[in-house]
Amino acid sequence: MGDKKDLRIRSKVISEGANRTPNRAMLRAVGFKDEDFKKPMIGIASTWSEVTPCNIHIDGLAREAKKGAAQAGGAPMIFNTITVSDGIAMGHEGMHYSLPSREIIADSMETVTSAERLDGVVAIGGCDKTTPASLIALARLNLPSVYVYGGTIQPGKLNGKDVDIVSSFEAVGQHQQGIINDEELHQVECNSCPGAGACGGMYTANTMAAAVEALGMSIPGSSSTPAINKYKETECQQAGELVIQLLEKDIYPKDIMTKEAFENAITVVMALGGSTNAFLHLLAIAHSAGVDLSYDDFERVRKHVPHLADLKPSGRYVMQDLYAVGGVPGVMKILLENGLLHGDCLTVTGRTLAENLADAPDLTEGQDVIRAFDNPLKPNGPLVVLKGNLAPEGAVAKMSGQKISRFEGPARVYDSEDDATKAIMDDDIKEGDVLVIRHVGPKGGPGMPEMLSITSMIVGRGLGGKVALLTDGRFSGGSHGFVIGHVAPEAHTGGPIGLLQEGDIVTIDSETQEINFKITDEEFEKRQKAWTTPELPARIGTLAKYAKLVSSSAKGAVTDLDL
């Protein structure tokens with residue numbers, strides 16, 4: 001290779017020496033030639049599958065990333081991993097597998113990349129768990145890497161109005177109430193998801209894509225480019241090229257994913273009014289990157305960041321609308337200009353965040369997807385951490401679109417989502433109730449299932465904001481209403497939510513950031529003494545392993561040991 005830098009930081013163990021003849025023989029069978037063994041081997045980690053529209057197009061994007069890496073002088077190879085469709089897994093036993101799939105995806109990317117001694121990685125994700133899983137893997141591996149988001153879906157159209165996947169969940173509640181008939185429900189079903197791409201509002205997939213762009217680990221602008229936009233292919237080619245450049249410059253994920261970079265990610269999530277799942281995922285990514293991140297950091301950042309984006313589920317617009325007016329870079333420019341981002345953070349372009357944003361266009365004049373900085377929807381971030389005798393480690397509430405900040409009412413306690421669903425359908429849940437669903441945390445679920453079906457049912461039945469929902473499980477990024485999730489410690493590990501009894505008065509206050517139930521010290525102690533550890537709900541397979549290893553949601557529900 002002459003004086004040119006040898007970029008084979010790990011693959012050299014395969015590509016040189018007589019002892020590695022068998023290894024190279026295997027690679028020749030997949031298309032390697034003599035010259036390829038002189039190049040860095042780049043893994044293209046594809047999450048393509050036919051089980052969800054979010055990822056249906058990623059096989060084509062992976063080929064574009066492979067093309068980019070090859071043209072830049074790499075020897076790229078595509079490998080696949082799984083994805084779970086949260087929308088399809090929602091509301092039944094399948095949802096227990098959603099959050100554990102994050103660990104499975106991360107583990108599989110780490111496993112293939114490490115076993116094959118690859119030198120760099122382009123990871124391409126779509127549905128909710130693929131983005132955080134990719135970043136967990138890239139942080140663990142700490143090899144030159146770029147993440148590409150497969151992009152958002154277009155909104156569907158029905159009777160001249162935009163509809164999306166959350167419209168279909170809420171239509172179920174409207175159908176149960178007799179507001180819409182069978183045919184109208186069917187029309188919502190047939191028009192909600194028109195093609196490829198992840199769910200369109202500021203739900204978890206789009207939230208995490210924006211967070212990763214702010215973190216500096218993806219192509220500038222790529223988090224808001226729609227899935228069907230031709231430019232998405234160009235972004236993937238660029239990602240392949242960038243990995244080679246990162247190898248040349250010795251830039252690694254842990255150089256990019258610093259504490260300040262995570263603060264940038266939190267800032268963008270708060271300004272966009274993103275999903276509560278961002279807490280779980282950013283904590284988990286930081287854990288893998290060896291960065292000390294906690295709820296206190298989210299709170300510290302939140303207090304200074306206005307909520308600017310009028311995006312679904314609580315607002316009017318979808319990610320494609322944001323893209324049309326300047327995308328995530330346009331929002332980040334406003335935040336940077338107002339001193340809310342660390343502009344000197346390094347990114348995968350090899351340049352700083354501020355340098356990247358200098359090239360980005362401003363938001364379109366006169367647009368109303370993003371509010372003016374001095375006229376926000378809310379003066380500070382809408383994702384609030386609550387603590388109190390009901391959640392000593394913390395709980396997470398999404399207060400965007402909420403007209404009330406305090407709720408007090410009797411606890412209606414259910415130990416499963418099915419029981420709570422039946423209670424709603426039977427009209428047992430009334431205005432003023434605090435609906436509690438417990439034993440659905442990371443261990444107790446297991447897998448911390450999302451409650452989109454429940455929240456959509458409540459909204460669809462006209463009880464949005466009139467009933468509080470409290471759980472040690474979590475919510476979809478599509479959930480809205482007075483909902484508090486991630487209650488920790490969870491019921492399964494002896495958390496106070498497991499001690500709640502029917503009729504206990506619960507107070508939730510987002511202003512004081514407290515969540516308590518009215519109980520004397522003596523009664524609390526009595527209930528604690530009577531509590532016994534339940535058996536793990538799964539005995540074999542994926543869920544059993546997960547339940548045994550998983551940490552509290554307040555630590556990101558990680559399965560690694562503390563570093």
# chains A, B, ... in the order shown; residues from 1 in each chain; ligands from 1

call {"tool": "closest_atom_pairs", "arguments": {"of": "segment 171-243 of chain A", "to": "segment 448-458 of chain A", "cutoff": "9 Å", "atoms": "only C-alpha atoms", "output": "Markdown table"}}
result
| residue | atom | partner | partner_atom | distance |
| --- | --- | --- | --- | --- |
| A:Ala171 | CA | A:Ser456 | CA | 8.2 |
| A:Val172 | CA | A:Met457 | CA | 6.9 |
| A:Gly173 | CA | A:Met457 | CA | 4.5 |
| A:Gln174 | CA | A:Met457 | CA | 7.9 |
| A:Gln176 | CA | A:Met457 | CA | 8.7 |

call {"tool": "residues_around", "arguments": {"residues": "Pro361 of chain A", "least_positions_apart": "4", "cutoff": "12 Å", "atoms": "only C-alpha atoms", "output": "number ranges by chain"}}
result
A: 220-221, 323-334, 356-357, 365

call {"tool": "write_last_selection", "arguments": {"atoms": "all heavy atoms", "output": "short mmCIF file (atom, residue, chain, number, x, y, z; two decimals), in the first residue's frame"}}
result
data_model
loop_
_atom_site.label_atom_id
_atom_site.label_comp_id
_atom_site.auth_asym_id
_atom_site.auth_seq_id
_atom_site.Cartn_x
_atom_site.Cartn_y
_atom_site.Cartn_z
N PRO A 220 -25.82 14.98 8.51
CA PRO A 220 -26.65 16.16 8.79
C PRO A 220 -27.89 16.20 7.89
O PRO A 220 -27.79 16.02 6.67
CB PRO A 220 -25.70 17.32 8.48
CG PRO A 220 -24.33 16.77 8.73
CD PRO A 220 -24.39 15.35 8.30
N GLY A 221 -29.04 16.40 8.51
CA GLY A 221 -30.30 16.47 7.77
C GLY A 221 -31.00 15.14 7.57
O GLY A 221 -32.18 15.10 7.22
N TYR A 323 -39.67 18.38 7.44
CA TYR A 323 -38.68 18.28 6.36
C TYR A 323 -38.90 19.37 5.31
O TYR A 323 -37.96 20.03 4.86
CB TYR A 323 -38.76 16.90 5.71
CG TYR A 323 -37.91 16.76 4.46
CD1 TYR A 323 -36.53 16.64 4.56
CD2 TYR A 323 -38.49 16.78 3.19
CE1 TYR A 323 -35.74 16.52 3.41
CE2 TYR A 323 -37.71 16.67 2.05
CZ TYR A 323 -36.34 16.54 2.16
OH TYR A 323 -35.56 16.44 1.03
N ALA A 324 -40.17 19.60 4.97
CA ALA A 324 -40.51 20.55 3.90
C ALA A 324 -40.13 21.99 4.26
O ALA A 324 -39.91 22.82 3.36
CB ALA A 324 -42.00 20.47 3.58
N VAL A 325 -40.03 22.29 5.56
CA VAL A 325 -39.73 23.68 5.96
C VAL A 325 -38.29 23.86 6.46
O VAL A 325 -37.93 24.92 6.96
CB VAL A 325 -40.74 24.20 7.02
CG1 VAL A 325 -42.15 24.15 6.46
CG2 VAL A 325 -40.63 23.42 8.33
N GLY A 326 -37.47 22.82 6.33
CA GLY A 326 -36.06 22.97 6.73
C GLY A 326 -35.52 21.88 7.64
O GLY A 326 -34.33 21.84 7.91
N GLY A 327 -36.41 20.98 8.10
CA GLY A 327 -35.95 19.80 8.82
C GLY A 327 -35.32 20.06 10.18
O GLY A 327 -35.31 21.19 10.69
N VAL A 328 -34.75 19.00 10.72
CA VAL A 328 -34.10 19.06 12.03
C VAL A 328 -32.94 20.07 12.04
O VAL A 328 -32.76 20.80 13.02
CB VAL A 328 -33.66 17.65 12.48
CG1 VAL A 328 -32.77 17.71 13.72
CG2 VAL A 328 -34.90 16.78 12.77
N PRO A 329 -32.13 20.18 10.96
CA PRO A 329 -31.05 21.19 10.98
C PRO A 329 -31.58 22.61 11.18
O PRO A 329 -30.96 23.43 11.85
CB PRO A 329 -30.37 21.03 9.62
CG PRO A 329 -30.65 19.62 9.22
CD PRO A 329 -32.02 19.33 9.75
N GLY A 330 -32.75 22.92 10.59
CA GLY A 330 -33.34 24.24 10.75
C GLY A 330 -33.68 24.53 12.21
O GLY A 330 -33.48 25.65 12.70
N VAL A 331 -34.18 23.51 12.90
CA VAL A 331 -34.50 23.64 14.33
C VAL A 331 -33.21 23.80 15.14
O VAL A 331 -33.11 24.65 16.04
CB VAL A 331 -35.30 22.41 14.83
CG1 VAL A 331 -35.60 22.54 16.32
CG2 VAL A 331 -36.58 22.24 14.03
N MET A 332 -32.21 22.99 14.79
CA MET A 332 -30.94 23.04 15.52
C MET A 332 -30.24 24.39 15.35
O MET A 332 -29.59 24.88 16.28
CB MET A 332 -30.03 21.88 15.08
CG MET A 332 -30.50 20.53 15.61
SD MET A 332 -29.65 19.12 14.88
CE MET A 332 -28.00 19.36 15.48
N LYS A 333 -30.39 25.00 14.17
CA LYS A 333 -29.80 26.34 13.96
C LYS A 333 -30.37 27.35 14.95
O LYS A 333 -29.65 28.16 15.53
CB LYS A 333 -30.07 26.82 12.53
CG LYS A 333 -29.11 26.27 11.51
CD LYS A 333 -29.27 26.93 10.16
CE LYS A 333 -28.35 28.12 9.99
NZ LYS A 333 -28.20 28.53 8.58
N ILE A 334 -31.71 27.29 15.13
CA ILE A 334 -32.36 28.20 16.09
C ILE A 334 -31.82 27.96 17.49
O ILE A 334 -31.52 28.91 18.23
CB ILE A 334 -33.90 28.00 16.06
CG1 ILE A 334 -34.48 28.44 14.73
CG2 ILE A 334 -34.56 28.75 17.21
CD1 ILE A 334 -35.94 28.07 14.55
N ASN A 356 -21.27 22.14 10.60
CA ASN A 356 -22.31 21.48 9.80
C ASN A 356 -23.52 22.41 9.61
O ASN A 356 -24.07 22.54 8.52
CB ASN A 356 -22.79 20.19 10.46
CG ASN A 356 -21.76 19.09 10.44
OD1 ASN A 356 -20.80 19.13 9.67
ND2 ASN A 356 -21.94 18.09 11.29
N LEU A 357 -23.94 23.04 10.71
CA LEU A 357 -25.16 23.86 10.67
C LEU A 357 -24.96 25.14 9.87
O LEU A 357 -25.93 25.72 9.36
CB LEU A 357 -25.63 24.18 12.09
CG LEU A 357 -26.19 22.99 12.88
CD1 LEU A 357 -26.52 23.39 14.32
CD2 LEU A 357 -27.43 22.40 12.20
N GLU A 365 -39.43 30.90 5.68
CA GLU A 365 -40.14 32.09 6.18
C GLU A 365 -41.65 31.83 6.22
O GLU A 365 -42.22 31.29 5.27
CB GLU A 365 -39.84 33.25 5.22
CG GLU A 365 -40.19 34.62 5.76
CD GLU A 365 -39.16 35.14 6.77
OE1 GLU A 365 -37.97 34.79 6.65
OE2 GLU A 365 -39.58 35.87 7.66
#

call {"tool": "closest_residue", "arguments": {"among": "A:Glu116, A:Glu233, A:Asp164, A:Asp362", "to": "Val148 of chain A", "atoms": "only C-alpha atoms"}}
result
A:Glu233

call {"tool": "residues_around", "arguments": {"residues": "Val122 of chain A", "least_positions_apart": "4", "cutoff": "7 Å", "atoms": "only C-alpha atoms", "output": "CSV table (one decimal) with N, CA and C atoms, in the first residue's frame"}}
result
chain,number,residue,atom,x,y,z
A,43,GLY,N,-18.6,-3.2,7.5
A,43,GLY,CA,-19.9,-3.9,7.7
A,43,GLY,C,-21.1,-2.9,7.4
A,44,ILE,N,-22.0,-3.3,6.6
A,44,ILE,CA,-23.2,-2.5,6.4
A,44,ILE,C,-24.3,-3.3,7.1
A,45,ALA,N,-24.6,-2.8,8.3
A,45,ALA,CA,-25.6,-3.4,9.2
A,45,ALA,C,-27.0,-3.0,8.8
A,145,SER,N,-17.8,4.7,12.5
A,145,SER,CA,-19.2,4.3,12.2
A,145,SER,C,-20.0,5.5,11.9
A,146,VAL,N,-21.1,5.2,11.1
A,146,VAL,CA,-22.1,6.2,10.8
A,146,VAL,C,-23.4,5.5,10.8
A,147,TYR,N,-24.4,6.3,11.4
A,147,TYR,CA,-25.8,5.7,11.4
A,147,TYR,C,-26.6,6.5,10.4
A,239,ALA,N,-22.7,8.0,3.7
A,239,ALA,CA,-22.4,7.3,5.0
A,239,ALA,C,-21.3,6.3,4.7
A,240,GLY,N,-21.4,5.6,3.6
A,240,GLY,CA,-20.3,4.6,3.2
A,240,GLY,C,-19.0,5.3,3.0

call {"tool": "residues_around", "arguments": {"residues": "Leu308 of chain A", "least_positions_apart": "5", "cutoff": "6 Å", "atoms": "only C-alpha atoms", "output": "list in words"}}
result
Ala271, Ile370, Arg371, Pro376 and Leu377 of chain A

call {"tool": "write_last_selection", "arguments": {"atoms": "C-alpha atoms", "output": "PDB file, in the first residue's frame"}}
result
ATOM      1  CA  ALA A 271     -37.571  21.325  21.553  1.00  0.00           C
ATOM      2  CA  ILE A 370     -41.834  25.246  14.352  1.00  0.00           C
ATOM      3  CA  ARG A 371     -42.787  28.155  16.571  1.00  0.00           C
ATOM      4  CA  PRO A 376     -42.984  28.636  22.129  1.00  0.00           C
ATOM      5  CA  LEU A 377     -45.765  26.144  22.747  1.00  0.00           C
TER       6      LEU A 377
END

call {"tool": "residues_around", "arguments": {"residues": "Val440 of chain A", "least_positions_apart": "5", "cutoff": "12 Å", "atoms": "only C-alpha atoms", "output": "short mmCIF file (atom, residue, chain, number, x, y, z; two decimals) with N, CA, C and O atoms, in the first residue's frame"}}
result
data_model
loop_
_atom_site.label_atom_id
_atom_site.label_comp_id
_atom_site.auth_asym_id
_atom_site.auth_seq_id
_atom_site.Cartn_x
_atom_site.Cartn_y
_atom_site.Cartn_z
N GLU A 93 -49.63 -9.86 23.45
CA GLU A 93 -48.42 -10.47 24.03
C GLU A 93 -47.14 -10.09 23.29
O GLU A 93 -46.06 -10.06 23.85
N MET A 95 -46.03 -7.33 22.39
CA MET A 95 -45.37 -6.10 22.84
C MET A 95 -44.31 -6.37 23.91
O MET A 95 -43.42 -5.54 24.12
N HIS A 96 -44.37 -7.52 24.56
CA HIS A 96 -43.33 -7.85 25.55
C HIS A 96 -41.96 -8.01 24.89
O HIS A 96 -40.93 -7.93 25.56
N LEU A 99 -39.10 -3.99 23.53
CA LEU A 99 -37.89 -3.41 24.15
C LEU A 99 -36.74 -4.42 24.21
O LEU A 99 -35.59 -4.05 23.91
N TYR A 414 -54.73 -2.15 38.33
CA TYR A 414 -54.78 -3.37 37.52
C TYR A 414 -53.37 -3.93 37.35
O TYR A 414 -52.42 -3.17 37.18
N ASP A 415 -53.28 -5.25 37.41
CA ASP A 415 -51.98 -5.90 37.31
C ASP A 415 -51.68 -6.40 35.90
O ASP A 415 -50.73 -7.16 35.70
N SER A 416 -52.48 -5.98 34.93
CA SER A 416 -52.19 -6.32 33.54
C SER A 416 -52.91 -5.34 32.63
O SER A 416 -53.92 -4.73 33.01
N GLU A 417 -52.40 -5.20 31.41
CA GLU A 417 -53.03 -4.32 30.43
C GLU A 417 -54.39 -4.87 30.01
O GLU A 417 -55.33 -4.11 29.79
N ASP A 418 -54.50 -6.20 29.93
CA ASP A 418 -55.78 -6.81 29.54
C ASP A 418 -56.90 -6.44 30.51
O ASP A 418 -58.02 -6.11 30.11
N GLY A 445 -42.91 -7.18 33.24
CA GLY A 445 -43.71 -7.38 32.03
C GLY A 445 -43.69 -8.81 31.53
O GLY A 445 -44.73 -9.41 31.37
N PRO A 446 -42.48 -9.35 31.26
CA PRO A 446 -41.24 -8.60 31.14
C PRO A 446 -41.24 -7.80 29.84
O PRO A 446 -42.08 -7.99 28.99
N GLY A 447 -40.27 -6.88 29.75
CA GLY A 447 -40.08 -6.15 28.51
C GLY A 447 -40.73 -4.78 28.45
O GLY A 447 -40.70 -4.13 27.42
N MET A 448 -41.36 -4.33 29.57
CA MET A 448 -41.87 -2.96 29.65
C MET A 448 -42.74 -2.60 28.44
O MET A 448 -42.42 -1.69 27.68
N PRO A 449 -43.87 -3.30 28.24
CA PRO A 449 -44.69 -3.05 27.06
C PRO A 449 -45.23 -1.63 27.00
O PRO A 449 -45.43 -0.98 28.02
N GLU A 450 -45.48 -1.17 25.76
CA GLU A 450 -46.08 0.16 25.55
C GLU A 450 -47.59 0.09 25.66
O GLU A 450 -48.19 -0.96 25.42
N MET A 451 -48.19 1.22 25.97
CA MET A 451 -49.63 1.28 26.25
C MET A 451 -50.38 2.14 25.23
O MET A 451 -51.28 2.87 25.58
N LEU A 470 -51.16 5.76 34.86
CA LEU A 470 -49.89 5.62 35.57
C LEU A 470 -49.41 4.18 35.43
O LEU A 470 -50.18 3.25 35.65
N THR A 471 -48.14 4.00 35.03
CA THR A 471 -47.67 2.63 34.82
C THR A 471 -46.16 2.51 35.04
O THR A 471 -45.43 3.47 34.85
N ASP A 472 -45.73 1.28 35.42
CA ASP A 472 -44.28 1.01 35.42
C ASP A 472 -43.85 0.46 34.07
O ASP A 472 -42.69 0.13 33.86
N GLY A 473 -44.81 0.40 33.14
CA GLY A 473 -44.49 0.13 31.74
C GLY A 473 -44.15 1.45 31.06
O GLY A 473 -43.74 2.41 31.70
N ARG A 474 -44.37 1.50 29.74
CA ARG A 474 -44.03 2.73 29.03
C ARG A 474 -45.10 3.03 28.00
O ARG A 474 -46.07 2.27 27.85
N PHE A 475 -44.93 4.16 27.32
CA PHE A 475 -45.89 4.58 26.33
C PHE A 475 -45.24 4.65 24.96
O PHE A 475 -44.05 4.90 24.84
N GLY A 485 -45.37 7.31 32.75
CA GLY A 485 -44.80 5.96 32.65
C GLY A 485 -43.43 5.86 33.28
O GLY A 485 -42.96 6.79 33.94
N HIS A 486 -42.79 4.72 33.11
CA HIS A 486 -41.43 4.47 33.60
C HIS A 486 -41.36 4.59 35.13
O HIS A 486 -40.31 4.95 35.66
N VAL A 487 -42.47 4.35 35.83
CA VAL A 487 -42.46 4.48 37.29
C VAL A 487 -41.44 3.50 37.86
O VAL A 487 -41.50 2.29 37.61
N ALA A 488 -40.47 4.03 38.60
CA ALA A 488 -39.38 3.19 39.12
C ALA A 488 -39.11 3.52 40.59
O ALA A 488 -39.20 4.68 40.98
N PRO A 489 -38.75 2.49 41.38
CA PRO A 489 -38.64 1.08 41.00
C PRO A 489 -40.00 0.50 40.59
O PRO A 489 -41.04 0.96 41.04
N GLU A 490 -39.95 -0.51 39.74
CA GLU A 490 -41.17 -1.14 39.26
C GLU A 490 -41.77 -2.05 40.32
O GLU A 490 -41.12 -2.43 41.31
N ALA A 491 -43.04 -2.43 40.12
CA ALA A 491 -43.76 -3.26 41.09
C ALA A 491 -43.06 -4.59 41.34
O ALA A 491 -42.98 -5.06 42.48
N HIS A 492 -42.50 -5.16 40.28
CA HIS A 492 -41.90 -6.50 40.40
C HIS A 492 -40.70 -6.53 41.36
O HIS A 492 -40.41 -7.57 41.95
N THR A 493 -40.02 -5.40 41.50
CA THR A 493 -38.84 -5.37 42.38
C THR A 493 -39.15 -4.74 43.74
O THR A 493 -38.25 -4.38 44.49
N ILE A 497 -45.25 1.42 43.64
CA ILE A 497 -46.43 1.25 42.78
C ILE A 497 -47.07 -0.13 43.02
O ILE A 497 -48.27 -0.31 42.86
N GLY A 498 -46.24 -1.09 43.47
CA GLY A 498 -46.75 -2.43 43.78
C GLY A 498 -47.50 -2.48 45.10
O GLY A 498 -48.19 -3.47 45.41
N LEU A 536 -40.46 -14.62 38.41
CA LEU A 536 -40.27 -14.00 37.10
C LEU A 536 -41.35 -14.53 36.15
O LEU A 536 -41.64 -15.73 36.15
N PRO A 537 -41.95 -13.65 35.38
CA PRO A 537 -43.07 -14.07 34.54
C PRO A 537 -42.69 -14.98 33.37
O PRO A 537 -43.55 -15.62 32.78
N ALA A 547 -35.48 -10.62 31.53
CA ALA A 547 -35.99 -10.29 32.87
C ALA A 547 -34.93 -10.50 33.94
O ALA A 547 -34.85 -9.76 34.91
N SER A 553 -35.77 0.98 34.70
CA SER A 553 -35.99 1.91 33.59
C SER A 553 -35.28 3.24 33.83
O SER A 553 -34.90 3.92 32.88
#

call {"tool": "closest_residue", "arguments": {"among": "A:Thr347, A:Ser167, A:Ser288, A:Ser275", "to": "Ile256 of chain A", "atoms": "only C-alpha atoms"}}
result
A:Thr347

call {"tool": "atom_distance", "arguments": {"atom1": "atom CA of Ala209 of chain A", "atom2": "atom CA of Ile437 of chain A"}}
result
29.2 Å

call {"tool": "residues_around", "arguments": {"residues": "Glu64 of chain A", "least_positions_apart": "3", "cutoff": "12 Å", "atoms": "only C-alpha atoms", "output": "JSON, numbers by chain"}}
result
{"A": [44, 46, 57, 58, 59, 60, 61, 67, 68, 69, 70, 71, 76, 77, 78, 122, 124, 148, 230, 231, 232, 233, 234, 235, 236, 237, 238, 239, 240, 241]}

call {"tool": "atom_distance", "arguments": {"atom1": "atom CA of Pro379 of chain A", "atom2": "atom CA of Val436 of chain A"}}
result
29.6 Å

call {"tool": "closest_atom_pairs", "arguments": {"of": "segment 285-360 of chain A", "to": "segment 402-409 of chain A", "cutoff": "12 Å", "atoms": "only C-alpha atoms", "output": "Markdown table"}}
result
| residue | atom | partner | partner_atom | distance |
| --- | --- | --- | --- | --- |
| A:Pro313 | CA | A:Gln402 | CA | 11.8 |
| A:Ser314 | CA | A:Gln402 | CA | 8.5 |
| A:Gly315 | CA | A:Gln402 | CA | 10.9 |

call {"tool": "closest_residue", "arguments": {"among": "A:Arg539, A:Lys259, A:Arg316, A:Lys157", "to": "Gly201 of chain A", "atoms": "only C-alpha atoms"}}
result
A:Arg316

call {"tool": "atom_distance", "arguments": {"atom1": "atom CA of Arg302 of chain A", "atom2": "atom CA of His342 of chain A"}}
result
14.9 Å

call {"tool": "residues_around", "arguments": {"residues": "segment 515-521 of chain A", "least_positions_apart": "3", "cutoff": "7 Å", "atoms": "only C-alpha atoms", "output": "PyMOL selection string"}}
result
chain A and resi 386-391+504-509+524-525

call {"tool": "write_last_selection", "arguments": {"atoms": "N, CA and C atoms", "output": "CSV table (one decimal), in the first residue's frame"}}
result
chain,number,residue,atom,x,y,z
A,386,LEU,N,-40.8,13.1,37.2
A,386,LEU,CA,-41.5,13.3,38.5
A,386,LEU,C,-40.9,12.3,39.5
A,387,LYS,N,-40.9,12.8,40.8
A,387,LYS,CA,-40.4,11.9,41.8
A,387,LYS,C,-41.3,12.1,43.1
A,388,GLY,N,-41.3,11.1,43.9
A,388,GLY,CA,-42.1,11.1,45.1
A,388,GLY,C,-42.2,9.7,45.8
A,389,ASN,N,-43.1,9.6,46.7
A,389,ASN,CA,-43.2,8.3,47.4
A,389,ASN,C,-43.7,7.2,46.5
A,390,LEU,N,-44.3,7.5,45.4
A,390,LEU,CA,-44.8,6.5,44.4
A,390,LEU,C,-43.7,6.1,43.4
A,391,ALA,N,-42.7,7.0,43.2
A,391,ALA,CA,-41.6,6.8,42.2
A,391,ALA,C,-40.3,7.4,42.8
A,504,ASP,N,-56.7,4.3,46.9
A,504,ASP,CA,-55.7,5.2,47.4
A,504,ASP,C,-55.7,6.5,46.6
A,505,ILE,N,-55.6,7.6,47.3
A,505,ILE,CA,-55.6,8.9,46.6
A,505,ILE,C,-54.1,9.2,46.0
A,506,VAL,N,-54.1,9.4,44.7
A,506,VAL,CA,-52.8,9.6,44.1
A,506,VAL,C,-52.8,11.1,43.6
A,507,THR,N,-51.7,11.8,43.8
A,507,THR,CA,-51.5,13.2,43.4
A,507,THR,C,-50.3,13.2,42.4
A,508,ILE,N,-50.6,13.8,41.2
A,508,ILE,CA,-49.6,14.0,40.2
A,508,ILE,C,-49.5,15.5,39.9
A,509,ASP,N,-48.3,16.1,40.1
A,509,ASP,CA,-48.2,17.5,39.9
A,509,ASP,C,-46.9,17.8,39.0
A,524,PHE,N,-47.6,2.3,55.1
A,524,PHE,CA,-46.6,2.0,54.1
A,524,PHE,C,-45.7,0.9,54.6
A,525,GLU,N,-45.3,0.9,55.8
A,525,GLU,CA,-44.4,-0.1,56.4
A,525,GLU,C,-45.1,-1.4,56.4

call {"tool": "select_by_dssp", "arguments": {"residues": "segment 443-550 of chain A", "states": "alpha helix (DSSP H)", "output": "MDAnalysis selection string"}}
result
chainID A and resid 452:460 521:530 541:549

call {"tool": "select_by_dssp", "arguments": {"residues": "segment 446-532 of chain A", "states": "strand (DSSP E)", "output": "MDAnalysis selection string"}}
result
chainID A and resid 468:471 483:488 505:509 514:517
